[in-house]
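Everything on this sheet refers to the single structure shown next.
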There are 4 protein chains.
Amino acid sequence: MQNRAAVLHGVGDLRIEEVPVPEPGPKEVLVEVRAVGVCGSDVHYYDHGRIGAYVVAAPLILGHEAAGVVVAQGSEASRHQVGQRVALEPGVPCGRCRQCRAGRYNLCPDVRFFATPPIHGAFCTYLTIHEDFAFPLPDTVSDDAGALIEPLSVGVWACRKARLAGGEHVLVTGAGPIGLLAMQAALALGATEVTITDVNPSRLELARQTGATRTINLRSQPLSEAGVEAEVLLECSGHPAALADGIRALAPAGVAVAVGMSPGEEATIPLAALQNRELTLTGTFRYANTYPTAIGLVAAGRVDLEAIVSGHYALDEAEQALQAGKNDPQSVKAVVVPSQAATAQRADGAR
Amino acid sequence: MQNRAAVLHGVGDLRIEEVPVPEPGPKEVLVEVRAVGVCGSDVHYYDHGRIGAYVVAAPLILGHEAAGVVVAQGSEASRHQVGQRVALEPGVPCGRCRQCRAGRYNLCPDVRFFATPPIHGAFCTYLTIHEDFAFPLPDTVSDDAGALIEPLSVGVWACRKARLAGGEHVLVTGAGPIGLLAMQAALALGATEVTITDVNPSRLELARQTGATRTINLRSQPLSEAGVEAEVLLECSGHPAALADGIRALAPAGVAVAVGMSPGEEATIPLAALQNRELTLTGTFRYANTYPTAIGLVAAGRVDLEAIVSGHYALDEAEQALQAGKNDPQSVKAVVVPSQAATAQRADGAR
Amino acid sequence: MQNRAAVLHGVGDLRIEEVPVPEPGPKEVLVEVRAVGVCGSDVHYYDHGRIGAYVVAAPLILGHEAAGVVVAQGSEASRHQVGQRVALEPGVPCGRCRQCRAGRYNLCPDVRFFATPPIHGAFCTYLTIHEDFAFPLPDTVSDDAGALIEPLSVGVWACRKARLAGGEHVLVTGAGPIGLLAMQAALALGATEVTITDVNPSRLELARQTGATRTINLRSQPLSEAGVEAEVLLECSGHPAALADGIRALAPAGVAVAVGMSPGEEATIPLAALQNRELTLTGTFRYANTYPTAIGLVAAGRVDLEAIVSGHYALDEAEQALQAGKNDPQSVKAVVVPSQAATAQRADGAR
Amino acid sequence: MQNRAAVLHGVGDLRIEEVPVPEPGPKEVLVEVRAVGVCGSDVHYYDHGRIGAYVVAAPLILGHEAAGVVVAQGSEASRHQVGQRVALEPGVPCGRCRQCRAGRYNLCPDVRFFATPPIHGAFCTYLTIHEDFAFPLPDTVSDDAGALIEPLSVGVWACRKARLAGGEHVLVTGAGPIGLLAMQAALALGATEVTITDVNPSRLELARQTGATRTINLRSQPLSEAGVEAEVLLECSGHPAALADGIRALAPAGVAVAVGMSPGEEATIPLAALQNRELTLTGTFRYANTYPTAIGLVAAGRVDLEAIVSGHYALDEAEQALQAGKNDPQSVKAVVVPSQAATAQRADGAR
């Protein structure tokens with residue numbers, strides 16, 4: 001057993017190294033990683049060495065969107081069989097604090113989250129995780145899809161925060177991976193109309209192919225002139241103006257969910273509209289209790305995760321995977337396949 | 001303009017008569033009826049002359065699942081254009097009482113509901129309704145589907161009462177029209193597994209064709225031996241035993257919704273299980289605020305209402321429509337088409 | 001029967017005039033007004049002739065916080081007896097539109113709300129109202145308290161929007177009439193700690209007397225240095241900075257409710273904190289379904305409305321009532337008593 | 001350090017024994033017990049040696065309503081100081097399973113709950129508990145009150161299950177310790193009317209003294225003739241007929257919560273009423289996330305726990321404490337004080 005990992009040593013300094021195979025704790029499983037999605041946060045750590053208060057002070061394995069197969073179990077772990085394919089929920093909370101007890105474990109101050117300093121992530125061959133945070137994947141769900149259960153969870157969580165009940169018109173601002181999956185989640189959970197905005201035509205085209213009932217390219221038409229009235233806004237672009245404009249487009253009693261992280265600490269919102277229409281604004285921080293639902297939606301064919309995969313990369317090509325978004329406007333979601341030989345990448349056709 | 005109606009004069013005494021064309025009130029519209037579904041309650045009035053405390057004391061036009069087209073408007077009605085195709089929500093509440101103010105207008109003690117003595121129903125050529133209870137139908141939604149928005153509303157309401165949030169395993173007991181549509185509603189609103197039970201193989205087959213992930217014929221396998229653990233029970237059969245057995249099949253924190261009306265006033269339930277697992281039991285009485293959602297789901301192609309239509313009948317054949325269910329185990333939902341010539345019925349192929 | 005009214009003819013031009021006694025419609029009651037609170041919005045119309053888009057284009061009777069006694073009934077009104085003392089909910093919605101049907105009648109676009117152009121208010125001897133919007137007052141609730149059920153409703157509504165469930169630490173920013181009553185409502189509904197902020201020492205003292213567990217004078221201590229961590233913020237000052245600072249003081253999963261209207265259309269909020277802690281921000285526009293609860297709380301002795309009454313005025317003194325707040329920092333809530341002789345005012349002792 | 005305990009060896013066989021002082025685990029605290037309430041379940045184990053499937057197979061220390069003081073801490077425990085007075089939440093869940101992750105830790109299948117075989121309880125001098133399940137008590141909350149935070153939690157949980165929002169009329173059936181505290185919880189959380197029923201006049205008198213707005217002795221007046229219409233039923237007697245009668249007394253959209261455990265597995269309920277009025281029935285199993293709220297309500301003076309304490313007993317008198325309810329109809333809640341000398345009991349005056 002050999003464990004190879006893509007380790008970030010500093011800004012732009014990613015090295016493929018051999019690291020020890022971790023020993024599972026009593027309630028943990030050892031997982032051989034099969035697929036890991038590249039997230040914007042991975043890219044941000046690679047580019048800047050930090051995200052806000054989280055600083056890469058010591059070498060860090062990146063990657064937190066992962067699926068794999070159980071290859072060994074700790075002494076008290078009993079939930080899985082060796083050989084079980086699993087999606088990995090990357091944040092394991094303390095399970096005891098006030099937030100955990102209330103079911104809001106995503107807000108646990110002691111959560112250990114993959115690829116968030118000092119916790120290592122999943123760009124590697126082997127890792128360990130508490131057995132309760134490894135979720136069985138049916139055979140009909142591929143490794144790629146298993147990895148992307150993580151960003152789909154972000155979308156499912158956004159829909160829950162929006163208290164989506166079915167029949168809504170949902171406005172999604174930003175057609176990046178999160179916006180695209182939040183859109184699919186909304187449709188799968190009963191939204192009957194989804195309008196999505198972006199400035200990238202190929203992403204809007206992909207949105208159309210995966211269910212958007214309307215796409216708006218903001219370069220041609222500002223949202224304020226598009227005549228949109230939605231019950232729900234899922235803001236996935238991280239642009240403060242998108243949040244404000246999206247809130248203005250909400251019907252009375254509508255709900256806005258800020259999913260995308262904007263660069264600043266503050267944002268300006270249309271407060272009078274929020275009060276006069278009794279709108280609600282909330283935000284999401286990761287997710288809680290979403291994995292079974294997200295897996296169920298994919299298994300039932302309601303959400304197509306492969307549709308957003310735009311390239312596969314061997315572990316040796318992790319750096320290229322991290323740079324795919326910068327170099328190619330068609331790139332949506334790069335997936336690292338630790339077991340793949342480096343040259344396999346070229347065989348991956350354009351979507 | 002001539003208004004013909006199927007009028008119930010007493011038990012088993014249905015007469016086709018000419019009645020006056022009603023005059024729309026200031027905020028009402030005059031609607032030419034295009035399609036009316038036959039509901040079990042219509043059959044019950046025909047067979048027994050009453051449903052519980054509701055007694056047919058004077059001649060009554062039956063039918064409350066209706067769609068049509070606006071042909072005239074009252075002096076203050078402005079919501080529609082003449083020619084607009086509409087689905088009719090058959091209960092118009094007072095709008096002022098405590099229940100109405102709270103948004104629970106289905107519990108309004110002064111609601112005027114079609115085909116509930118002494119309010120006439122929709123087995124006729126023309127009727128009037130408050131403009132706010134006529135809901136525009138997109139071109140993609142047929143007249144048949146427009147009529148069946150009513151029973152679909154029952155299913156949507158059941159799902160809302162169950163607080164369906166997506167990803168659930170839903171158990172539907174009873175594959176009659178309501179059970180079949182509650183099942184489709186659950187799937188459209190995010191349920192990822194639906195198990196449905198009945199004793200009629202053709203209805204179970206129809207359930208399978210319209211999305212059930214599992215069907216159980218209770219003649220071959222009692223529910224208690226089927227290994228079902230569901231988060232939600234939608235009891236649509238009206239059998240008290242189905243309710244009790246369904247509750248026993250619920251996972252902790254599950255919700256049971258009693259939709260089907262059972263013959264007695266009381267029922268025996270597994271209270272200890274309800275307490276130990278903190279289950280919730282509630283019931284539905286009609287629906288509220290469901291029409292836009294139901295129409296949206298059909299327009300978006302998430303629910304197939306035509307799938308349950310098993311026969312069309314002219315107004316002159318209303319009596320045959322009322323008896324279709326008794327005479328033919330394959331019959332699911334009969335639809336009366338007031339404008340149709342009597343002989344057209346035979347052209348309606350088996351589903 | 002003589003109906004005298006305080007009629008606003010233009011900015012600062014309030015005239016006491018005789019107006020016709022209105023005739024109740026079929027479902028309305030005629031009410032003799034006993035007490036009317038002066039609200040900031042009345043003062044704003046008096047000072048500026050408008051509030052945003054609402055412009056006093058024709059003479060307008062002000063006042064919307066009213067209690068009185070039923071003296072006559074319309075032909076179909078049956079809910080009350082002549083002689084019944086009632087609190088008046090000042091906004092009567094259409095009862096049919098989408099918002100009304102959903103129980104959000106405060107968002108009804110066709111609501112007719114007292115003292116909002118062109119609908120007359122309650123600074124008069126007689127007025128009419130739909131019988132369902134006149135709520136019986138028990139003998140233990142005074143006329144003053146009956147009038148102030150209206151601002152208490154604002155507080156109850158804010159608590160409902162905050163989904164107050166009991167045991168919370170509630171931060172109230174702004175100790176004006178609305179802040180003081182929102183604070184009392186929060187305590188009555190189970191909040192166990194309430195911190196209230198203002199810059200007016202006499203208002204903070206009144207807050208202490210009516211239940212605040214902590215008061216903060218922002219002139220001596222900025223909120224950011226006070227070490228407050230609350231589950232709920234009820235922003236009642238209308239200062240944008242209070243909203244932003246209050247949001248920063250919320251615990252994870254906390255809820256902020258913007259009750260006070262700020263002068264601008266927009267506000268800057270700490271979005272990153274809202275996202276990272278998954279806070280919720282919403283606003284209130286009037287209230288819905290609060291009158292029975294508010295009356296019940298006062299009748300049960302949980303809320304003391306007389307505590308905030310700082311002066312009584314005859315109808316002839318309505319102008320002085322409108323100016324009381326400007327002239328006296330101790331003034332909190334002026335009440336106009338239409339039946340009172342003008343000289344009685346001086347007999348009104350300090351609170 | 002000496003640890004004395006009241007150990008149940010079999011039906012009616014309670015022995016005072018010296019047991020080892022337990023060693024706190026890394027995240028645990030060692031607590032010196034100051035007060036322990038006697039619960040009906042303790043009595044049931046003493047009388048029958050089992051409760052349903054829970055069988056006392058080995059010697060068991062009873063008692064789960066406890067308060068004490070922290071006297072030592074485990075190696076990783078940091079939440080408390082030695083000397084901190086604490087109320088003990090008696091059920092420590094696994095923190096990882098599906099129920100725990102969802103915030104429903106009371107439904108955790110692996111919960112370790114005091115005095116439930118094979119987990120020892122609190123009729124002893126010293127015990128250990130996870131630091132997160134020991135809740136600090138303010139100085140204003142007595143040891144007795146600290147112990148009774150446990151049954152108050154049952155009442156708070158019942159109110160949460162009832163979605164009590166303030167202003168409700170609550171019907172409590174059964175004025176035993178749980179009914180009396182559920183009643184006080186309802187009042188503290190905003191209920192404005194509480195009707196309570198029982199057949200024991202002294203308990204009804206106690207209910208009146210602690211806030212009931214109406215008491216009904218069912219020996220003189222059946223509930224069905226009392227004209228009660230409530231929004232919420234808290235069934236605390238465990239009598240199936242009380243549940244059925246209470247449900248019949250609910251207003252439309254009302255909620256019934258079955259708190260009391262009835263002897264049988266099943267119960268007969270008025271299903272037609274539940275459906276026609278869209279009532280909701282649920283049950284409670286212990287509680288979750290209630291301790292901070294319950295402590296806050298007592299500290300704020302909203303709930304009076306001492307009011308229901310009817311006698312204090314030394315550890316040596318634990319058997320008498322268990323039999324107090326059988327021997328004295330005035331007895332409501334017996335409290336065992338492990339540090340108390342046996343003769344002190346007689347000094348305990350009538351309530």
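Following the order of the structure tokens, chains are lettered A, B, ..., residues in each are numbered from 1, and ligands are numbered from 1.
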Next item on the list: Fewer than 2 positions away in the same chain doesn't count, so skip those; otherwise give me all residues within 8 Å of segment 278-285 of chain A, counting only C-alpha atoms, as an NGL selection string.
Entry: (:A and (106-107 or 157-158 or 161 or 250 or 252-259 or 273-276 or 287)) or (:C and (274-285))
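By chain and then residue number, the residues within 6 Å of segment 86-102 of chain B are His64, Ala66, Ala67, Gly68, Val69, Arg104, Tyr105, Cys108, Asp110, Val111, Arg112, Phe113, Phe114, Phe133, Ala134, Phe135, Pro136, Leu137 and Gly146 of chain B; Gly95 and Gly103 of chain C, counting only C-alpha atoms and disregarding those fewer than 2 positions away in sequence.
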Mind writing the picked residues with N, CA and C atoms as a PDB file, in the first residue's frame?
ATOM      1  N   HIS B  64     -67.060  18.456  -9.192  1.00  0.00           N
ATOM      2  CA  HIS B  64     -66.276  19.577  -8.662  1.00  0.00           C
ATOM      3  C   HIS B  64     -64.828  19.578  -9.172  1.00  0.00           C
ATOM      4  N   ALA B  66     -63.128  20.541 -12.290  1.00  0.00           N
ATOM      5  CA  ALA B  66     -63.535  21.136 -13.566  1.00  0.00           C
ATOM      6  C   ALA B  66     -62.506  22.086 -14.152  1.00  0.00           C
ATOM      7  N   ALA B  67     -62.514  22.098 -15.493  1.00  0.00           N
ATOM      8  CA  ALA B  67     -61.766  23.107 -16.245  1.00  0.00           C
ATOM      9  C   ALA B  67     -62.670  23.618 -17.358  1.00  0.00           C
ATOM     10  N   GLY B  68     -62.389  24.827 -17.803  1.00  0.00           N
ATOM     11  CA  GLY B  68     -63.223  25.395 -18.854  1.00  0.00           C
ATOM     12  C   GLY B  68     -62.587  26.619 -19.449  1.00  0.00           C
ATOM     13  N   VAL B  69     -63.437  27.457 -20.028  1.00  0.00           N
ATOM     14  CA  VAL B  69     -62.925  28.658 -20.668  1.00  0.00           C
ATOM     15  C   VAL B  69     -63.822  29.839 -20.267  1.00  0.00           C
ATOM     16  N   ARG B 104     -55.721  29.324   6.148  1.00  0.00           N
ATOM     17  CA  ARG B 104     -56.300  27.976   6.168  1.00  0.00           C
ATOM     18  C   ARG B 104     -57.719  28.036   5.632  1.00  0.00           C
ATOM     19  N   TYR B 105     -57.871  28.558   4.437  1.00  0.00           N
ATOM     20  CA  TYR B 105     -59.225  28.841   3.967  1.00  0.00           C
ATOM     21  C   TYR B 105     -60.009  27.572   3.688  1.00  0.00           C
ATOM     22  N   CYS B 108     -62.509  27.177   6.369  1.00  0.00           N
ATOM     23  CA  CYS B 108     -63.508  28.241   6.520  1.00  0.00           C
ATOM     24  C   CYS B 108     -64.888  27.621   6.722  1.00  0.00           C
ATOM     25  N   ASP B 110     -67.663  28.927   6.286  1.00  0.00           N
ATOM     26  CA  ASP B 110     -68.635  29.452   5.325  1.00  0.00           C
ATOM     27  C   ASP B 110     -68.220  29.231   3.879  1.00  0.00           C
ATOM     28  N   VAL B 111     -67.273  28.308   3.650  1.00  0.00           N
ATOM     29  CA  VAL B 111     -66.839  28.051   2.277  1.00  0.00           C
ATOM     30  C   VAL B 111     -68.031  27.571   1.446  1.00  0.00           C
ATOM     31  N   ARG B 112     -68.074  28.003   0.202  1.00  0.00           N
ATOM     32  CA  ARG B 112     -69.085  27.507  -0.748  1.00  0.00           C
ATOM     33  C   ARG B 112     -68.346  26.570  -1.689  1.00  0.00           C
ATOM     34  N   PHE B 113     -68.629  25.278  -1.576  1.00  0.00           N
ATOM     35  CA  PHE B 113     -67.867  24.267  -2.312  1.00  0.00           C
ATOM     36  C   PHE B 113     -68.788  23.568  -3.304  1.00  0.00           C
ATOM     37  N   PHE B 114     -68.347  23.496  -4.557  1.00  0.00           N
ATOM     38  CA  PHE B 114     -69.101  22.856  -5.647  1.00  0.00           C
ATOM     39  C   PHE B 114     -69.635  21.483  -5.231  1.00  0.00           C
ATOM     40  N   PHE B 133     -60.598  32.376  -8.171  1.00  0.00           N
ATOM     41  CA  PHE B 133     -60.577  30.919  -8.029  1.00  0.00           C
ATOM     42  C   PHE B 133     -60.623  30.215  -9.380  1.00  0.00           C
ATOM     43  N   ALA B 134     -60.434  31.001 -10.435  1.00  0.00           N
ATOM     44  CA  ALA B 134     -60.224  30.452 -11.782  1.00  0.00           C
ATOM     45  C   ALA B 134     -58.755  30.695 -12.115  1.00  0.00           C
ATOM     46  N   PHE B 135     -58.004  29.613 -12.378  1.00  0.00           N
ATOM     47  CA  PHE B 135     -56.555  29.721 -12.558  1.00  0.00           C
ATOM     48  C   PHE B 135     -56.193  29.462 -14.007  1.00  0.00           C
ATOM     49  N   PRO B 136     -55.475  30.386 -14.634  1.00  0.00           N
ATOM     50  CA  PRO B 136     -55.118  30.245 -16.048  1.00  0.00           C
ATOM     51  C   PRO B 136     -54.355  28.950 -16.311  1.00  0.00           C
ATOM     52  N   LEU B 137     -54.702  28.317 -17.416  1.00  0.00           N
ATOM     53  CA  LEU B 137     -54.001  27.110 -17.832  1.00  0.00           C
ATOM     54  C   LEU B 137     -53.120  27.427 -19.025  1.00  0.00           C
ATOM     55  N   GLY B 146     -56.511  19.960 -16.825  1.00  0.00           N
ATOM     56  CA  GLY B 146     -57.044  21.114 -16.087  1.00  0.00           C
ATOM     57  C   GLY B 146     -58.086  20.687 -15.071  1.00  0.00           C
TER      58      GLY B 146
ATOM     59  N   GLY C  95     -59.045  39.822   0.919  1.00  0.00           N
ATOM     60  CA  GLY C  95     -59.532  38.499   1.306  1.00  0.00           C
ATOM     61  C   GLY C  95     -59.501  37.456   0.205  1.00  0.00           C
ATOM     62  N   GLY C 103     -52.612  33.672   3.844  1.00  0.00           N
ATOM     63  CA  GLY C 103     -52.553  34.084   5.237  1.00  0.00           C
ATOM     64  C   GLY C 103     -51.621  35.269   5.477  1.00  0.00           C
TER      65      GLY C 103
END
Checklist line | Contact set, chain C to chain D: 8 Å, only C-alpha atoms, as a PyMOL selection string | finding: chain C and resi 160+164-168+188-190+192-193+292-294+296-297+300
Checklist line | Contact residues around segment 4-16 of chain C with only C-alpha atoms at 6 Å, ignoring same-chain residues under 2 positions, as number ranges by chain | finding: C: 18-19, 46-49, 59-61, 123-125
Checklist line | segment 167-308 of chain C: residues DSSP assigns to strand (DSSP E or B), reported as a PyMOL selection string | finding: chain C and resi 169-173+193-198+214-217+230-235+250-258+267-269+280-283
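Taking atom CA of Val337 of chain D and atom CA of Val31 of chain D as the two end points, the separation is 13.9 Å.
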Next item on the list: Please return as a ChimeraX atom specification: the residues of segment 31-220 of chain A that backbone DSSP assigns to alpha helix (DSSP H).
Entry: /A:40-48,98-101,143-147,149-161,177-188,201-209
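Residues lying within 12 Å of Gln221 of chain B, counting only C-alpha atoms and ignoring same-chain neighbours fewer than 6 positions away, are Thr197, Asp198, Val199, Thr215, Gly227 and Val228 of chain B.
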Notebook entry, point to check: Which polymer residues have any atom within 10 Å of an atom of Arg50 of chain D, counting only C-alpha atoms, with same-chain residues fewer than 6 positions away left out, as a list in words?
Noted result: Gly10, Val11, Ser41, Asp42, His44, Val56, Ala57, Thr116 and Pro117 of chain D
For those residues, write N, CA, C and O atoms to a file as a compact mmCIF listing (two decimals), in the first residue's frame.
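Written output follows (again14.txt):
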# COMPACT_ATOMS: atom_id res chain seq x y z
N GLY D 10 -33.98 -6.03 42.71
CA GLY D 10 -35.10 -6.82 42.18
C GLY D 10 -36.37 -6.11 42.58
O GLY D 10 -36.33 -5.02 43.20
N VAL D 11 -37.50 -6.69 42.26
CA VAL D 11 -38.77 -6.04 42.58
C VAL D 11 -38.85 -5.77 44.08
O VAL D 11 -38.72 -6.68 44.89
N SER D 41 -41.16 6.59 36.61
CA SER D 41 -40.45 5.45 36.03
C SER D 41 -39.58 4.76 37.08
O SER D 41 -39.43 3.54 37.07
N ASP D 42 -39.02 5.55 38.01
CA ASP D 42 -38.26 4.94 39.11
C ASP D 42 -39.19 4.03 39.93
O ASP D 42 -38.83 2.90 40.29
N HIS D 44 -41.88 2.64 38.96
CA HIS D 44 -42.29 1.49 38.15
C HIS D 44 -41.21 0.40 38.15
O HIS D 44 -41.52 -0.79 38.29
N VAL D 56 -34.71 -4.82 34.46
CA VAL D 56 -33.61 -4.69 35.42
C VAL D 56 -33.00 -6.07 35.64
O VAL D 56 -33.45 -6.85 36.49
N ALA D 57 -31.98 -6.40 34.86
CA ALA D 57 -31.39 -7.74 34.91
C ALA D 57 -30.25 -7.80 35.93
O ALA D 57 -29.96 -8.85 36.50
N THR D 116 -31.76 3.59 33.24
CA THR D 116 -32.42 2.76 32.24
C THR D 116 -31.44 1.61 31.98
O THR D 116 -30.33 1.86 31.51
N PRO D 117 -31.85 0.39 32.34
CA PRO D 117 -30.90 -0.72 32.28
C PRO D 117 -30.15 -0.77 30.95
O PRO D 117 -30.81 -0.63 29.90
Margin query: At a cut-off of 10 Å, using only C-alpha atoms, what residues contact Gly40 of chain A? Leave out same-chain residues fewer than 5 positions from it and give the result as a PyMOL selection string.
Written below: chain A and resi 45-46+176-178+322+325+333
Any chance you could export the current selection's all heavy atoms as a CSV table (one decimal), in the first residue's frame?
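selection.csv, written as the output of this step:
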chain,number,residue,atom,x,y,z
A,45,TYR,N,-6.7,28.4,-2.3
A,45,TYR,CA,-5.5,28.1,-1.4
A,45,TYR,C,-4.3,28.0,-2.3
A,45,TYR,O,-3.2,28.5,-1.9
A,45,TYR,CB,-5.8,26.8,-0.7
A,45,TYR,CG,-6.6,26.9,0.5
A,45,TYR,CD1,-7.8,26.1,0.7
A,45,TYR,CD2,-6.3,27.7,1.6
A,45,TYR,CE1,-8.6,26.2,1.8
A,45,TYR,CE2,-7.1,27.8,2.7
A,45,TYR,CZ,-8.2,27.1,2.8
A,45,TYR,OH,-9.0,27.2,4.0
A,46,TYR,N,-4.4,27.4,-3.4
A,46,TYR,CA,-3.2,27.2,-4.3
A,46,TYR,C,-2.7,28.6,-4.8
A,46,TYR,O,-1.5,28.9,-4.8
A,46,TYR,CB,-3.6,26.4,-5.5
A,46,TYR,CG,-2.6,26.3,-6.6
A,46,TYR,CD1,-1.5,25.4,-6.5
A,46,TYR,CD2,-2.7,27.0,-7.8
A,46,TYR,CE1,-0.5,25.3,-7.5
A,46,TYR,CE2,-1.7,26.9,-8.8
A,46,TYR,CZ,-0.7,26.0,-8.6
A,46,TYR,OH,0.3,25.9,-9.6
A,176,GLY,N,-21.8,28.9,-12.3
A,176,GLY,CA,-20.6,28.1,-12.0
A,176,GLY,C,-21.1,26.8,-11.5
A,176,GLY,O,-22.3,26.5,-11.5
A,177,PRO,N,-20.2,25.9,-11.0
A,177,PRO,CA,-20.6,24.6,-10.6
A,177,PRO,C,-21.6,24.6,-9.5
A,177,PRO,O,-22.6,23.9,-9.5
A,177,PRO,CB,-19.2,24.0,-10.0
A,177,PRO,CG,-18.2,24.7,-10.8
A,177,PRO,CD,-18.7,26.1,-11.1
A,178,ILE,N,-21.5,25.5,-8.5
A,178,ILE,CA,-22.5,25.6,-7.5
A,178,ILE,C,-23.8,26.1,-8.0
A,178,ILE,O,-24.9,25.5,-7.7
A,178,ILE,CB,-22.0,26.5,-6.3
A,178,ILE,CG1,-20.7,25.9,-5.6
A,178,ILE,CG2,-23.1,26.8,-5.3
A,178,ILE,CD1,-21.0,24.6,-4.9
A,322,LEU,N,-6.1,22.2,-11.1
A,322,LEU,CA,-6.3,23.4,-10.4
A,322,LEU,C,-6.3,24.6,-11.3
A,322,LEU,O,-7.0,25.6,-11.0
A,322,LEU,CB,-5.3,23.6,-9.3
A,322,LEU,CG,-5.4,22.7,-8.1
A,322,LEU,CD1,-4.1,22.7,-7.3
A,322,LEU,CD2,-6.5,23.1,-7.2
A,325,GLY,N,-9.7,25.9,-14.8
A,325,GLY,CA,-10.7,27.0,-14.8
A,325,GLY,C,-10.1,28.3,-15.4
A,325,GLY,O,-10.8,29.0,-16.1
A,333,LYS,N,-16.0,21.8,-14.1
A,333,LYS,CA,-15.6,21.0,-13.0
A,333,LYS,C,-14.6,20.0,-13.4
A,333,LYS,O,-14.8,19.1,-14.1
A,333,LYS,CB,-16.8,20.3,-12.4
A,333,LYS,CG,-16.5,19.4,-11.2
A,333,LYS,CD,-16.0,20.0,-10.0
A,333,LYS,CE,-17.0,20.8,-9.2
A,333,LYS,NZ,-16.4,21.5,-8.0
